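First the structure, in the form of structure tokens, and then the observations on it.
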Amino acid sequence: MNRYLKLVHMEIYRFRYMLAILMGLTAVCQIVGLVLYLNSEVQYRYSHFDKFGQWPDSNAMSFARALFGTQGWFAIPVVLCIAALILYAFLIWYRDWFGRSTFIYRLLMLPTARRHIYLAKLTALITFIFALVGFQLVLLSLEKWIFAFTVPAELTEHSYIAEAIEANRVLATLLPRSFEQFMYAYGIGIMAVIVAFTAILIERSFRLIGIVYAAFYVAACLLAVVFPIYTFGIDRSNAYLYPEEVFGIECLICILVISVSVWLGFRLLAKKITV
Amino acid sequence: MNTGAGWEDIVFNSRDPVYLQVVRHFKELIVTGRLDAGQVIPSRRELGAKLKINPNTAQRAYKEMEERKLIVTEGNSPSRITMDDNVLRTIRSELLGEAVEAFVASVSKINVPVEELVELVKIKYIEAQDDVSGRTVSEGGGDKHD
Amino acid sequence: MIEVRNIRKRYRMRYVLQDVSFTAEKGQITCLIGMNGAGKSTILKAIMGLTPVKSGQILIDGQPLGKSVYEKVAFVPDHLTMPLGMKLSEGLRFMADFYDSWNPQRAEELIRFFKLDTKERIGNLSKGTAAKFNLVLGLAPNSEYVLMDEPFSGIDMFSREMIAEVFSSELIEERGVLLTTHEIGEMEHLIDRAVIMRDGKIGMDFDCEQVRSEEGKSVIDVMREVYLP
């Protein structure tokens, strides 16, 4: 346990600069986008007032509307962060095999169960995901404050932060309103990471032919997950099963896919892996 | 660099057992007066490090020398060169005998009357003695550190 | 004692190890000698569980491979396997964090002996210095066995001399050392046992002093017999 935590610490420590860069990029991109948007909107309203002696019809500005108007600025860094994390799900393993120092030698020779290496990498990756999501939340309060600071009171219309999140498609996907939705989105994401880890370990164990095995494995997992939806249907009126039942089956299959993948990953790491 | 008794002056050949080469090296040091009777010798570990051999080999060489009474170890005190004159004399004659044998073996190929040979040896030997005596005076110190 | 019993390993349709058996005793220096590609490194990796074998058995003091073995057996690969961004001091702390057998005093002594600067980054070390640091990581733990893969290859003369000094010091005394080399050269007088490998098989396994005294042969003579019969 102790060594597992040390491994998690080490994995996070190794990614710290990258994480900081991603956060910095997100903050800069979103704030710049927001400020540019707000300035142009405020300016438009004032110039309208100067010209016609009255405010434009839709004069009120809310934070929610501001986020709606800056979707692109918000989407770019978020997509970039997601892409970086997906890439890192592979790099977190491959970086230890390639390059001048093959750290995997050392990791595999640590006097601790090898599953701790797997779990530490998984924990680290999940930590990165939630660190970025958490950072986005903090950033939102900061952005709300910037909004209040930039937009004059007479043009401001109040909105809740939840409304603001709803208004922005990227944020709405990233931070679902219901806890259930949140669990599904991130649960499926984490399952995908686990399947990818196992595929990587299959490739690292069997090398060239391992690529074929890994592809088969991923295909099998994918098939297992989408199979019930396609066969039984969820919205079809003539469906044989109730949606709740299909949902139940789906959950079971996901749990099965995760368990098998983790078990296989542990086993490969303990018995088959090669440096 | 003061190499003390000249421990490092050894080049091992790879076909004779290393421990026997070490024993022979000791005999040469004794016969040439670079090791005195009763002098304390380095521990096997120190010797291993000085001669760059593995400690097992040094151990084996010491065991061999103890069996042949070349060195003596009493209790926990460090090993010393034997004080036994008989042993020392034997070593001397042994090495001398070997050297002369080798000399004779190579000289006997040249057909030379023994008187002429002895005379030649005498001259060369005295020459060599004069040459070396100046240099060897400073040697034989007991400093075991490099 | 490290026992390797009948191990076989296949890689890409050909056997890289065929029925390899030998033992490395504690308190002795055993050397695996053979040309490049003879399978020496693979054996060390197999002993450390870094690559699987098809069949056979590897026992360390009668125990099969397990996580506790890594406290008991240290492996010094032919290159440094620490993240390049780490400082030497961070590398040492990493080892101390994970290994119960880590001996900080000995690590410090070794660092001083090799004159290493712990503020340096691992990625900036020259080849010779990296080899020295690699040796520090392998020798500082109180492990009973040390495996070394080509400790002398590709290293400058002065670093080689320093590393050779380690072999005749108390650092390896009492431990079992198993190392590989493709040129016996300066190692000839340091090793107790030689295991000569050729094409994934053991050609000869002998006590060096015994062969010298009984047959008057050097290690190189025996190697020549194995390779040029």
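Residues are named by chain letter and number: chains run A, B, ... in the order of the structure tokens, numbers start at 1 in each chain, and ligands are numbered from 1 in the order shown.
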
task = From the DSSP assignment of the backbone, select every residue of segment 13-161 of chain C that is strand (DSSP E or B), and format the answer as number ranges by chain.
result = C: 14-24, 29-33, 55-60, 63-64, 73-76, 87, 121, 145-149

request  = Name the residues of segment 21-254 of chain A that come out as helix (DSSP H, G or I) in a backbone DSSP run; write them as an MDAnalysis selection string.
outcome  = chainID A and resid 21:52 63:69 71:94 104:108 115:150 153:155 161:167 169:174 179:232 243:254

Report as JSON lines: every residue of chain C with an atom at most 12 Å from chain A, its closest pair of atoms, and their distance in Å to one decimal, counting only C-alpha atoms, with rows sorted by chain and ascending residue number.
```
{"residue": "C:Arg10", "atom": "CA", "partner": "A:Phe206", "partner_atom": "CA", "distance": 11.7}
{"residue": "C:Tyr11", "atom": "CA", "partner": "A:Phe206", "partner_atom": "CA", "distance": 10.0}
{"residue": "C:Arg12", "atom": "CA", "partner": "A:Leu208", "partner_atom": "CA", "distance": 9.6}
{"residue": "C:Ser41", "atom": "CA", "partner": "A:Val275", "partner_atom": "CA", "distance": 11.6}
{"residue": "C:Thr42", "atom": "CA", "partner": "A:Val275", "partner_atom": "CA", "distance": 10.2}
{"residue": "C:Leu44", "atom": "CA", "partner": "A:Tyr105", "partner_atom": "CA", "distance": 11.9}
{"residue": "C:Lys45", "atom": "CA", "partner": "A:Val275", "partner_atom": "CA", "distance": 8.4}
{"residue": "C:Ala46", "atom": "CA", "partner": "A:Thr274", "partner_atom": "CA", "distance": 9.3}
{"residue": "C:Ile47", "atom": "CA", "partner": "A:Met109", "partner_atom": "CA", "distance": 11.0}
{"residue": "C:Met48", "atom": "CA", "partner": "A:Met109", "partner_atom": "CA", "distance": 7.2}
{"residue": "C:Gly49", "atom": "CA", "partner": "A:Met109", "partner_atom": "CA", "distance": 8.0}
{"residue": "C:Leu50", "atom": "CA", "partner": "A:Thr274", "partner_atom": "CA", "distance": 5.5}
{"residue": "C:Thr51", "atom": "CA", "partner": "A:Thr274", "partner_atom": "CA", "distance": 4.3}
{"residue": "C:Pro52", "atom": "CA", "partner": "A:Lys272", "partner_atom": "CA", "distance": 5.7}
{"residue": "C:Val53", "atom": "CA", "partner": "A:Lys272", "partner_atom": "CA", "distance": 8.9}
{"residue": "C:Lys54", "atom": "CA", "partner": "A:Lys272", "partner_atom": "CA", "distance": 10.3}
{"residue": "C:Leu65", "atom": "CA", "partner": "A:Lys271", "partner_atom": "CA", "distance": 10.6}
{"residue": "C:Gly66", "atom": "CA", "partner": "A:Pro111", "partner_atom": "CA", "distance": 8.4}
{"residue": "C:Lys67", "atom": "CA", "partner": "A:Pro111", "partner_atom": "CA", "distance": 4.7}
{"residue": "C:Ser68", "atom": "CA", "partner": "A:Pro111", "partner_atom": "CA", "distance": 5.8}
{"residue": "C:Val69", "atom": "CA", "partner": "A:Pro111", "partner_atom": "CA", "distance": 7.4}
{"residue": "C:Tyr70", "atom": "CA", "partner": "A:Pro111", "partner_atom": "CA", "distance": 5.1}
{"residue": "C:Glu71", "atom": "CA", "partner": "A:Pro111", "partner_atom": "CA", "distance": 6.2}
{"residue": "C:Lys72", "atom": "CA", "partner": "A:Pro111", "partner_atom": "CA", "distance": 9.4}
{"residue": "C:Val73", "atom": "CA", "partner": "A:Met109", "partner_atom": "CA", "distance": 9.5}
{"residue": "C:Ala74", "atom": "CA", "partner": "A:Met109", "partner_atom": "CA", "distance": 8.7}
{"residue": "C:Phe75", "atom": "CA", "partner": "A:Met109", "partner_atom": "CA", "distance": 8.5}
{"residue": "C:Val76", "atom": "CA", "partner": "A:Arg106", "partner_atom": "CA", "distance": 9.9}
{"residue": "C:Pro77", "atom": "CA", "partner": "A:Tyr105", "partner_atom": "CA", "distance": 8.4}
{"residue": "C:Asp78", "atom": "CA", "partner": "A:Ser101", "partner_atom": "CA", "distance": 10.7}
{"residue": "C:His79", "atom": "CA", "partner": "A:Ser101", "partner_atom": "CA", "distance": 7.3}
{"residue": "C:Leu80", "atom": "CA", "partner": "A:Ser101", "partner_atom": "CA", "distance": 6.0}
{"residue": "C:Thr81", "atom": "CA", "partner": "A:Ser101", "partner_atom": "CA", "distance": 4.7}
{"residue": "C:Met82", "atom": "CA", "partner": "A:Phe103", "partner_atom": "CA", "distance": 5.2}
{"residue": "C:Pro83", "atom": "CA", "partner": "A:Ser101", "partner_atom": "CA", "distance": 6.1}
{"residue": "C:Leu84", "atom": "CA", "partner": "A:Ser101", "partner_atom": "CA", "distance": 6.6}
{"residue": "C:Gly85", "atom": "CA", "partner": "A:Arg14", "partner_atom": "CA", "distance": 8.8}
{"residue": "C:Met86", "atom": "CA", "partner": "A:Arg14", "partner_atom": "CA", "distance": 9.4}
{"residue": "C:Glu90", "atom": "CA", "partner": "A:Met10", "partner_atom": "CA", "distance": 10.9}
{"residue": "C:Gly91", "atom": "CA", "partner": "A:Arg106", "partner_atom": "CA", "distance": 11.0}
{"residue": "C:Arg93", "atom": "CA", "partner": "A:Lys6", "partner_atom": "CA", "distance": 11.5}
{"residue": "C:Phe94", "atom": "CA", "partner": "A:Met10", "partner_atom": "CA", "distance": 9.0}
{"residue": "C:Met95", "atom": "CA", "partner": "A:Leu110", "partner_atom": "CA", "distance": 9.0}
{"residue": "C:Ala96", "atom": "CA", "partner": "A:Leu110", "partner_atom": "CA", "distance": 11.3}
{"residue": "C:Asp97", "atom": "CA", "partner": "A:Lys6", "partner_atom": "CA", "distance": 8.0}
{"residue": "C:Phe98", "atom": "CA", "partner": "A:Arg3", "partner_atom": "CA", "distance": 6.6}
{"residue": "C:Tyr99", "atom": "CA", "partner": "A:Pro111", "partner_atom": "CA", "distance": 6.7}
{"residue": "C:Asp100", "atom": "CA", "partner": "A:Pro111", "partner_atom": "CA", "distance": 8.6}
{"residue": "C:Ser101", "atom": "CA", "partner": "A:Pro111", "partner_atom": "CA", "distance": 9.9}
{"residue": "C:Trp102", "atom": "CA", "partner": "A:Pro111", "partner_atom": "CA", "distance": 11.5}
{"residue": "C:Ile122", "atom": "CA", "partner": "A:Ser101", "partner_atom": "CA", "distance": 9.4}
{"residue": "C:Gly123", "atom": "CA", "partner": "A:Ser101", "partner_atom": "CA", "distance": 8.6}
{"residue": "C:Asn124", "atom": "CA", "partner": "A:Arg100", "partner_atom": "CA", "distance": 11.5}
{"residue": "C:Leu125", "atom": "CA", "partner": "A:Arg100", "partner_atom": "CA", "distance": 11.8}
{"residue": "C:Lys127", "atom": "CA", "partner": "A:Arg100", "partner_atom": "CA", "distance": 11.4}
{"residue": "C:Ala130", "atom": "CA", "partner": "A:Ser101", "partner_atom": "CA", "distance": 10.7}
{"residue": "C:Asn134", "atom": "CA", "partner": "A:Arg106", "partner_atom": "CA", "distance": 11.3}
{"residue": "C:Leu137", "atom": "CA", "partner": "A:Arg106", "partner_atom": "CA", "distance": 10.5}
{"residue": "C:Gly138", "atom": "CA", "partner": "A:Arg106", "partner_atom": "CA", "distance": 11.0}
```

message = Taking 2 positions as the minimum chain separation for residues in the same chain, which residues sit within 12 Å of Gln210 of chain C when counting only C-alpha atoms? Answer as a list in words.
response =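 The neighbour list is Arg15, Asp16, Pro17, Val18, Tyr19, Leu20 and Thr57 of chain B; Asp192, Arg193, Ala194, Asp205, Phe206, Asp207, Cys208, Arg212, Ser213, Glu214, Glu215, Gly216, Lys217, Ser218 and Val219 of chain C.
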
Just want the 6 Å neighbourhood of segment 118-127 of chain A, counted on only C-alpha atoms, with same-chain residues fewer than 3 positions away dropped. Output as a PDB file with N, CA, C and O atoms, in the first residue's frame.
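Listing of selection-v9.pdb after writing:
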```pdb
ATOM      1  N   LEU A   7       4.409   5.145  -5.616  1.00  0.00           N
ATOM      2  CA  LEU A   7       4.411   5.053  -7.082  1.00  0.00           C
ATOM      3  C   LEU A   7       3.463   6.078  -7.690  1.00  0.00           C
ATOM      4  O   LEU A   7       3.775   6.707  -8.699  1.00  0.00           O
ATOM      5  N   VAL A   8       2.294   6.246  -7.055  1.00  0.00           N
ATOM      6  CA  VAL A   8       1.340   7.242  -7.549  1.00  0.00           C
ATOM      7  C   VAL A   8       1.987   8.626  -7.493  1.00  0.00           C
ATOM      8  O   VAL A   8       1.956   9.391  -8.461  1.00  0.00           O
ATOM      9  N   ILE A  12       2.656  11.134 -10.720  1.00  0.00           N
ATOM     10  CA  ILE A  12       2.111  12.498 -10.784  1.00  0.00           C
ATOM     11  C   ILE A  12       3.257  13.501 -10.899  1.00  0.00           C
ATOM     12  O   ILE A  12       3.210  14.439 -11.690  1.00  0.00           O
ATOM     13  N   ARG A 115       1.192  -5.385  -9.638  1.00  0.00           N
ATOM     14  CA  ARG A 115      -0.088  -4.740  -9.912  1.00  0.00           C
ATOM     15  C   ARG A 115      -0.076  -3.301  -9.407  1.00  0.00           C
ATOM     16  O   ARG A 115      -0.809  -2.461  -9.899  1.00  0.00           O
ATOM     17  N   PHE A 130      -9.395  14.367 -13.202  1.00  0.00           N
ATOM     18  CA  PHE A 130     -10.184  15.140 -12.249  1.00  0.00           C
ATOM     19  C   PHE A 130      -9.491  16.424 -11.827  1.00  0.00           C
ATOM     20  O   PHE A 130     -10.150  17.399 -11.480  1.00  0.00           O
ATOM     21  N   ALA A 131      -8.193  16.415 -11.898  1.00  0.00           N
ATOM     22  CA  ALA A 131      -7.476  17.662 -11.603  1.00  0.00           C
ATOM     23  C   ALA A 131      -7.848  18.705 -12.649  1.00  0.00           C
ATOM     24  O   ALA A 131      -8.111  19.867 -12.314  1.00  0.00           O
TER      25      ALA A 131
END
```

Contact residues (chain C, partner chain B, 12 Å, only C-alpha atoms) as a ChimeraX atom specification = /C:26-30,161-177,184-193,207-222

task = Enter the distance from atom CA of Gly265 of chain A to atom CA of Ile202 of chain A, in Å, rounded to one decimal.
result = 8.0 Å

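Nearest residue to Ile202 of chain C, choosing from C:Leu178, C:Ile2, C:Ile7, C:Ile60 and counting only C-alpha atoms: C:Ile7.
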
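Using only C-alpha atoms, the residues found no farther than 8 Å from segment 36-41 of chain A, other than those of its own chain fewer than 3 positions away, are Val32, Gly33, Tyr44, Arg45, Ala66, Gly69, Thr70, Phe147, Thr150 and Val151 of chain A.
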
ask   = Contacts of segment 77-83 of chain B at 9 Å or less, counting only C-alpha atoms, minus same-chain residues fewer than 6 places along, as a list in words?
value = Ile30, Leu35, Asp36, Ala37, Gly38, Gln39, Val40, Ile41, Pro42, Ser43, Lys69, Leu70 and Ile71 of chain B

Could you write out that same residue set with N, CA, C and O atoms as a short mmCIF file (atom, residue, chain, number, x, y, z; two decimals), in the first residue's frame?
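Generated output (result.cif):
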```cif
data_model
loop_
_atom_site.label_atom_id
_atom_site.label_comp_id
_atom_site.auth_asym_id
_atom_site.auth_seq_id
_atom_site.Cartn_x
_atom_site.Cartn_y
_atom_site.Cartn_z
N ILE B 30 60.49 -11.99 -0.43
CA ILE B 30 61.28 -12.37 0.74
C ILE B 30 62.75 -12.54 0.36
O ILE B 30 63.65 -11.98 0.99
N LEU B 35 60.75 -8.09 1.76
CA LEU B 35 59.97 -8.48 2.93
C LEU B 35 60.95 -9.09 3.92
O LEU B 35 61.73 -9.97 3.56
N ASP B 36 60.90 -8.63 5.18
CA ASP B 36 61.81 -9.17 6.18
C ASP B 36 61.14 -10.28 6.96
O ASP B 36 59.92 -10.33 7.04
N ALA B 37 61.96 -11.11 7.58
CA ALA B 37 61.42 -12.13 8.46
C ALA B 37 60.67 -11.43 9.58
O ALA B 37 61.15 -10.44 10.14
N GLY B 38 59.47 -11.92 9.88
CA GLY B 38 58.69 -11.35 10.98
C GLY B 38 57.90 -10.11 10.63
O GLY B 38 57.17 -9.58 11.45
N GLN B 39 58.02 -9.65 9.41
CA GLN B 39 57.30 -8.43 9.02
C GLN B 39 55.80 -8.70 8.88
O GLN B 39 55.39 -9.76 8.39
N VAL B 40 55.00 -7.72 9.32
CA VAL B 40 53.54 -7.86 9.20
C VAL B 40 53.15 -7.68 7.73
O VAL B 40 53.65 -6.78 7.06
N ILE B 41 52.30 -8.56 7.25
CA ILE B 41 51.85 -8.43 5.86
C ILE B 41 50.40 -7.96 5.83
O ILE B 41 49.70 -8.07 6.83
N PRO B 42 49.95 -7.41 4.71
CA PRO B 42 48.57 -6.88 4.65
C PRO B 42 47.54 -7.99 4.86
O PRO B 42 47.84 -9.17 4.66
N SER B 43 46.35 -7.59 5.24
CA SER B 43 45.26 -8.57 5.36
C SER B 43 44.94 -9.06 3.96
O SER B 43 45.29 -8.43 2.97
N LYS B 69 54.19 -22.86 5.79
CA LYS B 69 54.86 -22.18 6.89
C LYS B 69 55.61 -20.91 6.45
O LYS B 69 56.58 -20.49 7.07
N LEU B 70 55.17 -20.35 5.35
CA LEU B 70 55.79 -19.12 4.85
C LEU B 70 55.36 -17.93 5.71
O LEU B 70 56.12 -17.00 5.94
N ILE B 71 54.11 -17.98 6.13
CA ILE B 71 53.61 -16.93 7.00
C ILE B 71 53.00 -17.59 8.23
O ILE B 71 52.64 -18.77 8.19
#
```

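Nearest to Ile196 of chain C of all the residues C:Thr181, C:Met148, C:Ser126, C:Met223 is C:Met223, counting only C-alpha atoms.
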